[in-house]
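Novice: Here you go, this is entry.txt (compact mmCIF, C-alpha atoms).
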# COMPACT_ATOMS: atom_id res chain seq x y z
CA MET A 1 -4.48 4.87 19.74
CA GLY A 2 -1.06 6.19 18.69
CA SER A 3 0.89 6.31 15.46
CA LEU A 4 2.34 2.97 14.46
CA LEU A 5 4.17 4.20 11.36
CA ASN A 6 5.38 7.70 10.49
CA ILE A 7 6.93 8.36 7.10
CA ASN A 8 8.56 11.76 6.71
CA ASN A 9 9.94 13.27 3.48
CA LEU A 10 10.78 9.87 1.99
CA LYS A 11 12.73 10.03 -1.25
CA THR A 12 13.55 6.92 -3.31
CA GLN A 13 15.34 7.15 -6.63
CA PHE A 14 16.38 4.76 -9.39
CA PHE A 15 19.49 5.29 -11.50
CA SER A 16 19.45 3.85 -15.02
CA SER A 17 21.19 4.71 -18.31
CA GLY A 18 22.38 8.04 -16.99
CA ARG A 19 18.90 9.02 -15.78
CA THR A 20 17.67 9.64 -12.24
CA ILE A 21 14.08 8.54 -11.75
CA ARG A 22 12.47 10.22 -8.73
CA ALA A 23 10.05 7.44 -7.81
CA LEU A 24 9.27 8.93 -4.39
CA ASP A 25 9.77 12.65 -3.97
CA GLY A 26 9.15 13.69 -0.38
CA VAL A 27 6.36 11.28 0.65
CA SER A 28 4.94 11.82 4.15
CA PHE A 29 2.02 10.12 5.94
CA HIS A 30 1.29 8.19 9.12
CA ILE A 31 -0.71 5.10 10.06
CA GLU A 32 -2.47 4.76 13.40
CA GLU A 33 -2.62 1.57 15.42
CA GLY A 34 -5.52 -0.63 14.29
CA GLU A 35 -6.53 1.42 11.23
CA VAL A 36 -6.71 0.64 7.52
CA PHE A 37 -4.88 3.31 5.55
CA GLY A 38 -5.37 3.42 1.79
CA LEU A 39 -2.83 4.53 -0.80
CA VAL A 40 -4.42 5.19 -4.18
CA GLY A 41 -3.23 6.51 -7.53
CA GLU A 42 -2.49 5.64 -11.13
CA THR A 43 -0.10 2.89 -12.16
CA GLY A 44 3.47 4.12 -11.81
CA CYS A 45 2.74 6.82 -9.22
CA GLY A 46 4.95 5.20 -6.56
CA LYS A 47 2.52 3.12 -4.46
CA SER A 48 4.46 -0.16 -4.63
CA VAL A 49 7.82 1.63 -4.31
CA THR A 50 6.48 3.11 -1.05
CA ALA A 51 5.74 -0.38 0.27
CA LEU A 52 9.12 -1.76 -0.77
CA SER A 53 10.86 1.26 0.76
CA ILE A 54 9.14 0.64 4.11
CA LEU A 55 10.49 -2.92 4.10
CA ARG A 56 13.86 -1.77 2.69
CA LEU A 57 13.47 -4.11 -0.27
CA ILE A 58 14.47 -1.58 -2.92
CA PRO A 59 17.08 -3.38 -5.06
CA PHE A 60 20.45 -1.61 -5.18
CA PRO A 61 21.49 -1.08 -7.88
CA PRO A 62 19.50 0.52 -9.49
CA GLY A 63 17.36 1.91 -6.63
CA LYS A 64 18.24 3.71 -3.41
CA ILE A 65 16.46 5.50 -0.56
CA ILE A 66 18.28 8.82 -0.48
CA ASP A 67 16.43 10.81 2.19
CA GLY A 68 13.69 10.83 4.79
CA GLU A 69 12.79 8.66 7.74
CA ILE A 70 10.55 5.65 8.34
CA LEU A 71 9.59 5.55 12.01
CA PHE A 72 8.01 2.23 12.98
CA ARG A 73 7.12 1.84 16.66
CA GLY A 74 9.58 4.60 17.47
CA ARG A 75 12.54 3.20 15.49
CA ASN A 76 13.86 4.61 12.24
CA LEU A 77 14.00 1.57 9.95
CA LEU A 78 16.55 3.29 7.72
CA HIS A 79 19.07 3.22 10.59
CA LEU A 80 18.75 -0.51 11.36
CA LYS A 81 21.32 -3.10 10.35
CA GLU A 82 20.24 -5.67 7.78
CA ASP A 83 19.94 -8.51 10.31
CA GLU A 84 17.71 -6.29 12.49
CA MET A 85 15.58 -5.49 9.45
CA ARG A 86 15.25 -9.19 8.59
CA SER A 87 13.83 -9.85 12.06
CA ILE A 88 11.13 -7.23 11.41
CA ARG A 89 10.10 -8.43 7.94
CA GLY A 90 7.45 -11.11 8.25
CA LYS A 91 7.22 -10.80 12.02
CA GLU A 92 6.34 -7.16 12.74
CA ILE A 93 5.64 -5.99 9.17
CA SER A 94 4.25 -8.42 6.60
CA MET A 95 3.37 -7.87 2.96
CA ILE A 96 0.88 -9.46 0.57
CA PHE A 97 2.02 -8.99 -3.01
CA GLN A 98 -0.13 -8.54 -6.12
CA GLU A 99 0.38 -12.03 -7.51
CA PRO A 100 0.93 -14.78 -4.92
CA MET A 101 2.74 -17.03 -7.40
CA THR A 102 5.63 -14.54 -7.36
CA SER A 103 5.89 -14.94 -3.56
CA LEU A 104 5.23 -18.66 -3.11
CA ASN A 105 8.11 -20.95 -4.01
CA PRO A 106 6.82 -23.31 -6.73
CA VAL A 107 9.08 -26.22 -5.71
CA PHE A 108 8.05 -26.42 -2.05
CA ARG A 109 4.78 -27.57 -0.56
CA ILE A 110 2.50 -25.02 1.09
CA GLY A 111 3.00 -26.56 4.53
CA ASP A 112 6.81 -26.44 4.28
CA GLN A 113 6.74 -22.76 3.34
CA MET A 114 4.38 -21.90 6.18
CA MET A 115 6.40 -23.87 8.71
CA GLU A 116 9.66 -22.23 7.63
CA LEU A 117 8.22 -18.77 8.27
CA ILE A 118 6.68 -19.70 11.61
CA MET A 119 9.81 -21.54 12.83
CA LEU A 120 12.00 -18.57 11.88
CA HIS A 121 9.98 -15.86 13.60
CA GLN A 122 8.22 -17.68 16.45
CA LYS A 123 11.01 -20.13 17.34
CA LEU A 124 8.66 -23.11 17.37
CA ASP A 125 9.69 -26.69 16.61
CA ARG A 126 8.52 -28.34 13.39
CA SER A 127 5.55 -30.11 14.97
CA ARG A 128 4.15 -26.98 16.65
CA ALA A 129 4.86 -24.91 13.52
CA SER A 130 2.84 -27.39 11.48
CA GLU A 131 -0.08 -27.10 13.92
CA LYS A 132 0.15 -23.30 13.76
CA GLY A 133 0.20 -23.36 9.94
CA LEU A 134 -2.84 -25.62 9.83
CA GLU A 135 -4.66 -23.37 12.28
CA MET A 136 -3.96 -20.28 10.16
CA LEU A 137 -5.20 -21.97 6.96
CA GLU A 138 -8.41 -22.88 8.75
CA ARG A 139 -8.73 -19.28 10.00
CA VAL A 140 -8.76 -18.01 6.42
CA HIS A 141 -11.53 -20.50 5.60
CA ILE A 142 -9.53 -22.88 3.40
CA PRO A 143 -11.47 -26.15 3.17
CA ASP A 144 -9.55 -29.37 3.82
CA ALA A 145 -6.56 -27.42 5.13
CA ASP A 146 -4.61 -30.58 5.92
CA ARG A 147 -4.66 -31.55 2.23
CA VAL A 148 -3.67 -28.03 1.14
CA MET A 149 -0.63 -28.18 3.45
CA LYS A 150 0.64 -31.07 1.30
CA GLN A 151 0.04 -29.37 -2.05
CA TYR A 152 2.24 -27.21 -4.27
CA PRO A 153 1.26 -23.64 -5.24
CA HIS A 154 0.43 -24.57 -8.85
CA GLN A 155 -2.20 -27.00 -7.61
CA LEU A 156 -4.25 -24.19 -6.08
CA SER A 157 -6.48 -21.58 -7.70
CA GLY A 158 -5.55 -17.88 -7.61
CA GLY A 159 -8.02 -17.20 -4.81
CA MET A 160 -6.71 -20.13 -2.75
CA ARG A 161 -3.12 -18.98 -3.23
CA GLN A 162 -4.05 -15.50 -2.05
CA ARG A 163 -5.71 -17.00 1.04
CA VAL A 164 -2.53 -18.97 1.70
CA MET A 165 -0.49 -15.76 1.44
CA ILE A 166 -2.81 -13.99 3.89
CA ALA A 167 -2.50 -16.92 6.30
CA MET A 168 1.30 -16.89 6.02
CA GLU A 169 1.67 -13.15 6.47
CA LEU A 170 -0.66 -13.06 9.49
CA SER A 171 0.74 -16.20 11.11
CA CYS A 172 3.17 -14.15 13.22
CA HIS A 173 0.53 -11.55 14.17
CA PRO A 174 2.34 -8.55 12.62
CA PHE A 175 1.69 -5.02 13.81
CA LEU A 176 1.42 -3.84 10.18
CA LEU A 177 0.19 -5.69 7.11
CA ILE A 178 0.98 -4.16 3.71
CA ALA A 179 -1.48 -5.36 1.07
CA ASP A 180 -0.26 -4.38 -2.40
CA GLU A 181 -3.16 -4.77 -4.85
CA PRO A 182 -4.26 -8.00 -3.10
CA THR A 183 -7.23 -8.59 -5.44
CA THR A 184 -5.80 -7.53 -8.82
CA ALA A 185 -5.57 -10.95 -10.46
CA LEU A 186 -8.86 -12.29 -9.08
CA ASP A 187 -12.39 -12.29 -10.45
CA VAL A 188 -15.03 -10.11 -8.81
CA THR A 189 -16.56 -12.82 -6.62
CA ILE A 190 -13.19 -13.94 -5.26
CA GLN A 191 -12.16 -10.30 -4.78
CA ALA A 192 -15.13 -9.76 -2.48
CA GLN A 193 -14.25 -12.89 -0.50
CA ILE A 194 -10.62 -11.81 -0.05
CA LEU A 195 -11.63 -8.31 1.08
CA ARG A 196 -14.09 -9.76 3.61
CA LEU A 197 -11.34 -12.07 4.83
CA ILE A 198 -8.85 -9.20 5.29
CA LYS A 199 -11.50 -7.27 7.24
CA GLU A 200 -12.24 -10.28 9.41
CA MET A 201 -8.57 -10.99 10.16
CA ARG A 202 -7.92 -7.34 10.94
CA LYS A 203 -10.73 -7.39 13.51
CA LYS A 204 -9.51 -10.61 15.10
CA LEU A 205 -5.80 -9.74 15.24
CA GLN A 206 -6.02 -5.92 15.59
CA THR A 207 -3.47 -5.50 12.81
CA SER A 208 -2.98 -2.15 11.07
CA ILE A 209 -3.17 -2.33 7.28
CA LEU A 210 -1.60 -0.29 4.50
CA LEU A 211 -3.87 -1.05 1.53
CA ILE A 212 -2.39 -0.16 -1.86
CA THR A 213 -4.77 -0.11 -4.81
CA HIS A 214 -6.02 1.81 -7.83
CA ASP A 215 -9.56 0.54 -7.20
CA LEU A 216 -11.59 3.31 -5.60
CA GLY A 217 -14.38 0.89 -4.72
CA VAL A 218 -11.94 -1.11 -2.59
CA ILE A 219 -10.78 2.09 -0.89
CA ALA A 220 -14.37 3.11 -0.08
CA GLU A 221 -15.20 -0.29 1.38
CA MET A 222 -12.04 -1.01 3.35
CA CYS A 223 -10.27 2.15 4.54
CA ASP A 224 -10.49 4.55 7.45
CA ARG A 225 -8.21 7.16 5.86
CA VAL A 226 -6.73 7.50 2.39
CA ALA A 227 -3.84 9.30 0.70
CA VAL A 228 -3.83 10.08 -3.03
CA MET A 229 -0.49 9.79 -4.83
CA TYR A 230 0.54 11.47 -8.05
CA ALA A 231 3.97 11.19 -9.70
CA GLY A 232 5.78 10.17 -6.52
CA SER A 233 4.12 12.64 -4.14
CA ILE A 234 1.09 12.71 -1.83
CA VAL A 235 -1.33 15.34 -3.11
CA GLU A 236 -4.25 14.79 -0.72
CA GLU A 237 -5.02 12.95 2.51
CA ALA A 238 -8.27 12.68 4.48
CA GLY A 239 -10.78 10.38 6.11
CA VAL A 240 -12.33 8.11 3.51
CA GLU A 241 -15.87 9.53 3.79
CA GLU A 242 -14.71 13.13 3.56
CA ILE A 243 -12.41 12.58 0.60
CA PHE A 244 -15.20 10.91 -1.38
CA GLU A 245 -17.75 13.57 -0.47
CA GLU A 246 -15.45 16.61 -0.84
CA PRO A 247 -12.30 15.87 -2.84
CA LYS A 248 -10.14 18.99 -2.92
CA HIS A 249 -7.17 18.42 -5.21
CA PRO A 250 -7.92 18.70 -8.96
CA TYR A 251 -6.27 15.31 -9.51
CA THR A 252 -8.45 13.65 -6.87
CA GLN A 253 -11.50 15.32 -8.40
CA GLY A 254 -10.47 13.96 -11.79
CA LEU A 255 -10.12 10.41 -10.46
CA TRP A 256 -13.48 10.56 -8.69
CA GLY A 257 -15.12 12.09 -11.78
CA ALA A 258 -14.02 9.15 -13.90
CA ILE A 259 -15.97 6.66 -11.78
CA PRO A 260 -19.09 5.35 -13.59
CA ARG A 261 -22.26 6.07 -11.60
CA VAL A 262 -25.62 4.35 -11.92
CA ASP A 263 -27.49 7.51 -10.89
CA GLN A 264 -26.08 9.61 -13.73
CA GLU A 265 -26.51 9.29 -17.48
CA LYS A 266 -23.37 9.99 -19.50
CA GLU A 267 -22.50 9.21 -23.09
CA THR A 268 -18.77 9.17 -22.31
CA LEU A 269 -16.77 8.89 -19.09
CA ALA A 270 -14.79 11.87 -17.84
CA VAL A 271 -11.04 11.66 -18.34
CA ILE A 272 -8.00 13.51 -17.04
CA PRO A 273 -6.32 15.11 -20.07
CA GLY A 274 -2.63 14.62 -20.79
CA ALA A 275 -0.29 11.94 -19.48
CA VAL A 276 1.60 11.09 -16.29
CA PRO A 277 4.95 12.93 -16.34
CA ASP A 278 8.31 11.28 -16.90
CA LEU A 279 9.74 10.96 -13.38
CA SER A 280 13.27 11.40 -14.71
CA GLN A 281 12.24 14.87 -15.93
CA PRO A 282 9.27 15.92 -13.79
CA PRO A 283 7.73 19.34 -14.42
CA ALA A 284 8.77 22.18 -12.13
CA GLY A 285 6.36 23.32 -9.46
CA CYS A 286 3.21 21.26 -9.05
CA LYS A 287 3.69 18.03 -11.01
CA PHE A 288 0.01 18.00 -11.94
CA HIS A 289 -0.05 21.50 -13.42
CA PRO A 290 0.33 20.45 -17.11
CA ARG A 291 -2.97 18.53 -16.78
CA CYS A 292 -4.78 20.78 -14.30
CA PRO A 293 -7.91 22.77 -15.30
CA HIS A 294 -7.23 25.29 -12.50
CA ARG A 295 -3.60 26.02 -13.34
CA PHE A 296 -2.28 29.53 -12.72
CA ALA A 297 1.15 31.19 -12.52
CA PRO A 298 2.62 29.86 -9.22
CA CYS A 299 1.80 26.26 -10.18
CA ASP A 300 4.43 26.33 -12.94
CA HIS A 301 7.47 27.01 -10.78
CA LYS A 302 6.71 26.50 -7.06
CA ILE A 303 5.70 23.31 -5.26
CA PRO A 304 2.40 23.99 -3.44
CA PRO A 305 2.51 23.96 0.37
CA ILE A 306 0.47 21.49 2.38
CA SER A 307 -2.78 23.12 3.50
CA GLN A 308 -5.29 21.80 6.03
CA THR A 309 -8.79 22.53 4.75
CA SER A 310 -10.49 20.84 7.72
CA PRO A 311 -9.28 18.69 10.64
CA GLY A 312 -7.30 15.82 9.15
CA HIS A 313 -7.90 16.88 5.52
CA LEU A 314 -4.59 17.85 3.90
CA VAL A 315 -4.08 18.98 0.30
CA SER A 316 -1.08 20.18 -1.69
CA CYS A 317 -2.62 22.80 -3.98
CA TYR A 318 -2.48 26.59 -4.40
CA LEU A 319 -6.28 26.68 -4.55
CA TYR A 320 -6.23 26.22 -0.77
CA GLY A 321 -3.05 28.11 0.13
CA LYS A 322 -2.87 31.40 1.99
CA GLY A 323 -2.74 33.77 -0.92
CA GLU A 324 0.18 32.10 -2.74
CA ARG A 325 -1.85 31.77 -5.92
CA TYR A 326 -1.88 35.53 -6.33
CA GLU A 327 1.91 35.91 -6.35
Using structure tokens, write down the structure from this file.

Specialist:
Amino acid sequence: MGSLLNINNLKTQFFSSGRTIRALDGVSFHIEEGEVFGLVGETGCGKSVTALSILRLIPFPPGKIIDGEILFRGRNLLHLKEDEMRSIRGKEISMIFQEPMTSLNPVFRIGDQMMELIMLHQKLDRSRASEKGLEMLERVHIPDADRVMKQYPHQLSGGMRQRVMIAMELSCHPFLLIADEPTTALDVTIQAQILRLIKEMRKKLQTSILLITHDLGVIAEMCDRVAVMYAGSIVEEAGVEEIFEEPKHPYTQGLWGAIPRVDQEKETLAVIPGAVPDLSQPPAGCKFHPRCPHRFAPCDHKIPPISQTSPGHLVSCYLYGKGERYE
């Protein structure tokens, strides 16, 4: 397998009321063909902005990608014309959003919306597009798919709408599926069904997945590798088993420590002290240093280098640098 997506030093900023908000500040990671790559972090850390930047859906104004490169199958998406980018969205890269009602048009039937997408990207006539849409709904285990094709989004439950979205986004067999909090608005039982469905469709279609979530249980169940984001930057990246067994970055350790465990008795859950920084005025040096229990002098004024603690395990922290913490 080779790299499907390479993101290098990606910087996305928003400009509002005289402030510059550094939503993404030098984000770098890659996704291999056929793998599920997880992106995890607190609300507001830049996970969804990363997804929208990949698809070049950052609204301007107020947002703009100001630096970096997004290499998808060897092409830098930031250099493509808008009509070239439109041909990639939905066909080669698809995205499932948090709440399907924001993506499904409430005034059109499910079948019409599916056919429009399939006709646009696969150049099929209306009859064949309808057959393809029906086939995809059946693939995602929607009962009575023919009836659902004739219904409007508001007539379906949240779980059914999410299944419809998965069917739509996979109907063109994309190389990369971006799933942005795909189970957030669903109850636990439906969440499990949707995750099983994504796994099943990935196996059948050999699609790579960028899974964005704050749910560490979902990361553990679904992902091959995971990157941890904090305040617009990647602070740690590793295989999913290794990062759960040996988290290196103090922020990652704090997140993992806050997970309730049935094999441990605690009166209160662990918390990370302090608050997420204002991205219009981020702290100098390591952005986590105001909340870090291991803080020392270099953290305050120098951004930590990326260190490899073991094959494939990367961390941005002076605890694992080559002597920088003693400067």

Novice: Which is closer to Ala284 (chain A) than all the others in A:Leu104, A:Ile303, A:Ile118, A:Ala270, using all atoms listed in the file?

Specialist: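 Going through A:Leu104, A:Ile303, A:Ile118, A:Ala270 one by one, the smallest distance to Ala284 (chain A) is for A:Ile303.
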
Novice: Given only C-alpha atoms as the basis, pick out the residue of A:Val228, A:Leu279, A:Met101, A:Val188 nearest to His313 (chain A).

Specialist: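 Among A:Val228, A:Leu279, A:Met101, A:Val188, it is A:Val228 that comes nearest to His313 (chain A).
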
Novice: If I take CA of Arg163 (chain A) and CA of Leu216 (chain A), how far is one from the other in Å, to one decimal?

Specialist: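 Atom-to-atom, CA of Arg163 (chain A) to CA of Leu216 (chain A), that is 22.2 Å.
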
Novice: Could you check which of A:Val27, A:Ile21, A:Val36, A:Ile58 is closest to Ile219 (chain A), using only C-alpha atoms?

Specialist: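 Looking only at the distances to Ile219 (chain A), the closest residue turns out to be A:Val36.
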
Novice: Point out the residue among A:Val140, A:Leu52, A:Ile31, A:Ile88 with the least atom-to-atom distance to Val226 (chain A), counting all atoms listed in the file.

Specialist: A:Ile31

Novice: What lies within 12 Å of region 181-186 of chain A using all atoms listed in the file, ignoring chain neighbours under 3 positions off, as a VMD selection string?

Specialist: chain A and resid 38 to 41 43 47 to 48 51 95 to 101 157 to 163 165 to 166 177 to 178 189 to 198 209 to 219

Novice: Could you tell me which of A:Arg22, A:His154, A:Leu120, A:Ile259 comes closest to Pro283 (chain A) if we count all atoms listed in the file?

Specialist: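 With all atoms listed in the file as the atom set, the closest residue is A:Arg22.
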
Novice: Which distance in Å separates CA of Ile272 (chain A) and CA of Thr12 (chain A), to one decimal?

Specialist: 26.4 Å

Novice: Name all residues at most 8 Å from Pro250 (chain A) (count only C-alpha atoms; drop same-chain ones fewer than 2 positions away) and give them as JSON, numbers by chain.

Specialist: {"A": [248, 252, 253, 254, 292, 293, 294]}

Novice: Report, in Å with one decimal, the straight-line distance from CA of Glu236 (chain A) to CA of Gly68 (chain A).

Specialist: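 Here the two named atoms are 19.2 Å from each other.
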
Novice: Which neighbours of Ile93 (chain A) fall inside 12 Å, counting all atoms listed in the file, when residues of the same chain fewer than 5 positions from it are skipped, and could you give them as a VMD selection string?

Specialist: chain A and resid 4 to 5 51 to 52 54 to 56 72 to 73 77 85 to 88 121 169 to 179 207 to 210

Novice: What are the centre and edge lengths in Å, to one decimal, of the axis-aligned box around all listed atoms of region 80-87 of chain A with 4 Å added on each side, as lines of an AutoDock Vina configuration file?

Specialist:
center_x = 17.6
center_y = -5.2
center_z = 10.1
size_x = 15.5
size_y = 17.3
size_z = 12.7

Novice: Which polymer residues have any atom within 7 Å of an atom of His289 (chain A), counting only C-alpha atoms, with same-chain residues fewer than 5 positions away left out, as a PyMOL selection string?

Specialist: chain A and resi 295+299-300

Novice: Taking all atoms listed in the file into account, which of A:Glu42, A:Glu69, A:Glu35, A:Glu92 comes nearest Tyr251 (chain A)?

Specialist: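 Ranked by minimum distance to Tyr251 (chain A), first place goes to A:Glu42.
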
Novice: Which polymer residues have any atom within 9 Å of an atom of Ser127 (chain A), counting all atoms listed in the file, with same-chain residues fewer than 4 positions away left out, as JSON, numbers by chain?

Specialist: {"A": [115, 131, 132]}

Novice: Since the input lacks some atoms of region 174-184 of chain A, please model all heavy atoms and print them as an mmCIF file, keeping the file's coordinate frame.

Specialist:
data_model
loop_
_atom_site.group_PDB
_atom_site.id
_atom_site.type_symbol
_atom_site.label_atom_id
_atom_site.label_comp_id
_atom_site.auth_asym_id
_atom_site.auth_seq_id
_atom_site.Cartn_x
_atom_site.Cartn_y
_atom_site.Cartn_z
ATOM 1 N N PRO A 174 1.562 -9.784 12.813
ATOM 2 C CA PRO A 174 2.340 -8.550 12.620
ATOM 3 C C PRO A 174 1.566 -7.329 13.107
ATOM 4 O O PRO A 174 0.342 -7.322 13.155
ATOM 5 C CB PRO A 174 2.541 -8.510 11.103
ATOM 6 C CG PRO A 174 1.350 -9.230 10.551
ATOM 7 C CD PRO A 174 1.090 -10.340 11.535
ATOM 8 N N PHE A 175 2.310 -6.288 13.443
ATOM 9 C CA PHE A 175 1.690 -5.020 13.810
ATOM 10 C C PHE A 175 1.131 -4.316 12.569
ATOM 11 O O PHE A 175 0.129 -3.618 12.647
ATOM 12 C CB PHE A 175 2.700 -4.108 14.502
ATOM 13 C CG PHE A 175 3.181 -4.629 15.818
ATOM 14 C CD1 PHE A 175 4.403 -5.278 15.913
ATOM 15 C CD2 PHE A 175 2.412 -4.486 16.962
ATOM 16 C CE1 PHE A 175 4.861 -5.771 17.131
ATOM 17 C CE2 PHE A 175 2.846 -4.974 18.187
ATOM 18 C CZ PHE A 175 4.076 -5.622 18.264
ATOM 19 N N LEU A 176 1.819 -4.505 11.426
ATOM 20 C CA LEU A 176 1.420 -3.840 10.180
ATOM 21 C C LEU A 176 1.410 -4.840 9.040
ATOM 22 O O LEU A 176 2.386 -5.565 8.825
ATOM 23 C CB LEU A 176 2.388 -2.695 9.850
ATOM 24 C CG LEU A 176 2.157 -1.961 8.515
ATOM 25 C CD1 LEU A 176 0.813 -1.223 8.527
ATOM 26 C CD2 LEU A 176 3.294 -0.977 8.232
ATOM 27 N N LEU A 177 0.304 -4.877 8.315
ATOM 28 C CA LEU A 177 0.190 -5.690 7.110
ATOM 29 C C LEU A 177 0.099 -4.761 5.910
ATOM 30 O O LEU A 177 -0.773 -3.892 5.847
ATOM 31 C CB LEU A 177 -1.064 -6.577 7.171
ATOM 32 C CG LEU A 177 -1.377 -7.389 5.902
ATOM 33 C CD1 LEU A 177 -0.312 -8.451 5.668
ATOM 34 C CD2 LEU A 177 -2.762 -8.027 5.989
ATOM 35 N N ILE A 178 1.020 -4.923 4.959
ATOM 36 C CA ILE A 178 0.980 -4.160 3.710
ATOM 37 C C ILE A 178 0.346 -5.044 2.651
ATOM 38 O O ILE A 178 0.868 -6.121 2.345
ATOM 39 C CB ILE A 178 2.397 -3.729 3.277
ATOM 40 C CG1 ILE A 178 3.056 -2.872 4.358
ATOM 41 C CG2 ILE A 178 2.341 -2.966 1.963
ATOM 42 C CD1 ILE A 178 4.505 -2.533 4.077
ATOM 43 N N ALA A 179 -0.775 -4.600 2.109
ATOM 44 C CA ALA A 179 -1.480 -5.360 1.070
ATOM 45 C C ALA A 179 -1.375 -4.587 -0.235
ATOM 46 O O ALA A 179 -2.030 -3.568 -0.414
ATOM 47 C CB ALA A 179 -2.943 -5.565 1.471
ATOM 48 N N ASP A 180 -0.525 -5.071 -1.138
ATOM 49 C CA ASP A 180 -0.260 -4.380 -2.400
ATOM 50 C C ASP A 180 -1.132 -4.988 -3.492
ATOM 51 O O ASP A 180 -0.826 -6.063 -4.007
ATOM 52 C CB ASP A 180 1.224 -4.500 -2.761
ATOM 53 C CG ASP A 180 1.591 -3.675 -3.989
ATOM 54 O OD1 ASP A 180 0.719 -2.941 -4.492
ATOM 55 O OD2 ASP A 180 2.738 -3.768 -4.453
ATOM 56 N N GLU A 181 -2.220 -4.307 -3.824
ATOM 57 C CA GLU A 181 -3.160 -4.770 -4.850
ATOM 58 C C GLU A 181 -3.526 -6.247 -4.614
ATOM 59 O O GLU A 181 -3.330 -7.095 -5.483
ATOM 60 C CB GLU A 181 -2.545 -4.612 -6.250
ATOM 61 C CG GLU A 181 -2.114 -3.205 -6.605
ATOM 62 C CD GLU A 181 -3.264 -2.359 -7.137
ATOM 63 O OE1 GLU A 181 -4.414 -2.802 -7.045
ATOM 64 O OE2 GLU A 181 -2.972 -1.252 -7.612
ATOM 65 N N PRO A 182 -4.062 -6.589 -3.441
ATOM 66 C CA PRO A 182 -4.260 -8.000 -3.100
ATOM 67 C C PRO A 182 -5.337 -8.706 -3.918
ATOM 68 O O PRO A 182 -5.453 -9.931 -3.856
ATOM 69 C CB PRO A 182 -4.653 -7.950 -1.622
ATOM 70 C CG PRO A 182 -5.298 -6.606 -1.459
ATOM 71 C CD PRO A 182 -4.540 -5.696 -2.369
ATOM 72 N N THR A 183 -6.141 -7.955 -4.688
ATOM 73 C CA THR A 183 -7.230 -8.590 -5.440
ATOM 74 C C THR A 183 -7.096 -8.398 -6.954
ATOM 75 O O THR A 183 -8.016 -8.726 -7.697
ATOM 76 C CB THR A 183 -8.592 -8.033 -4.993
ATOM 77 O OG1 THR A 183 -8.632 -6.614 -5.254
ATOM 78 C CG2 THR A 183 -8.827 -8.269 -3.516
ATOM 79 N N THR A 184 -5.950 -7.908 -7.413
ATOM 80 C CA THR A 184 -5.800 -7.530 -8.820
ATOM 81 C C THR A 184 -6.056 -8.684 -9.790
ATOM 82 O O THR A 184 -6.748 -8.528 -10.789
ATOM 83 C CB THR A 184 -4.388 -6.946 -9.069
ATOM 84 O OG1 THR A 184 -4.280 -5.725 -8.363
ATOM 85 C CG2 THR A 184 -4.158 -6.683 -10.544
#
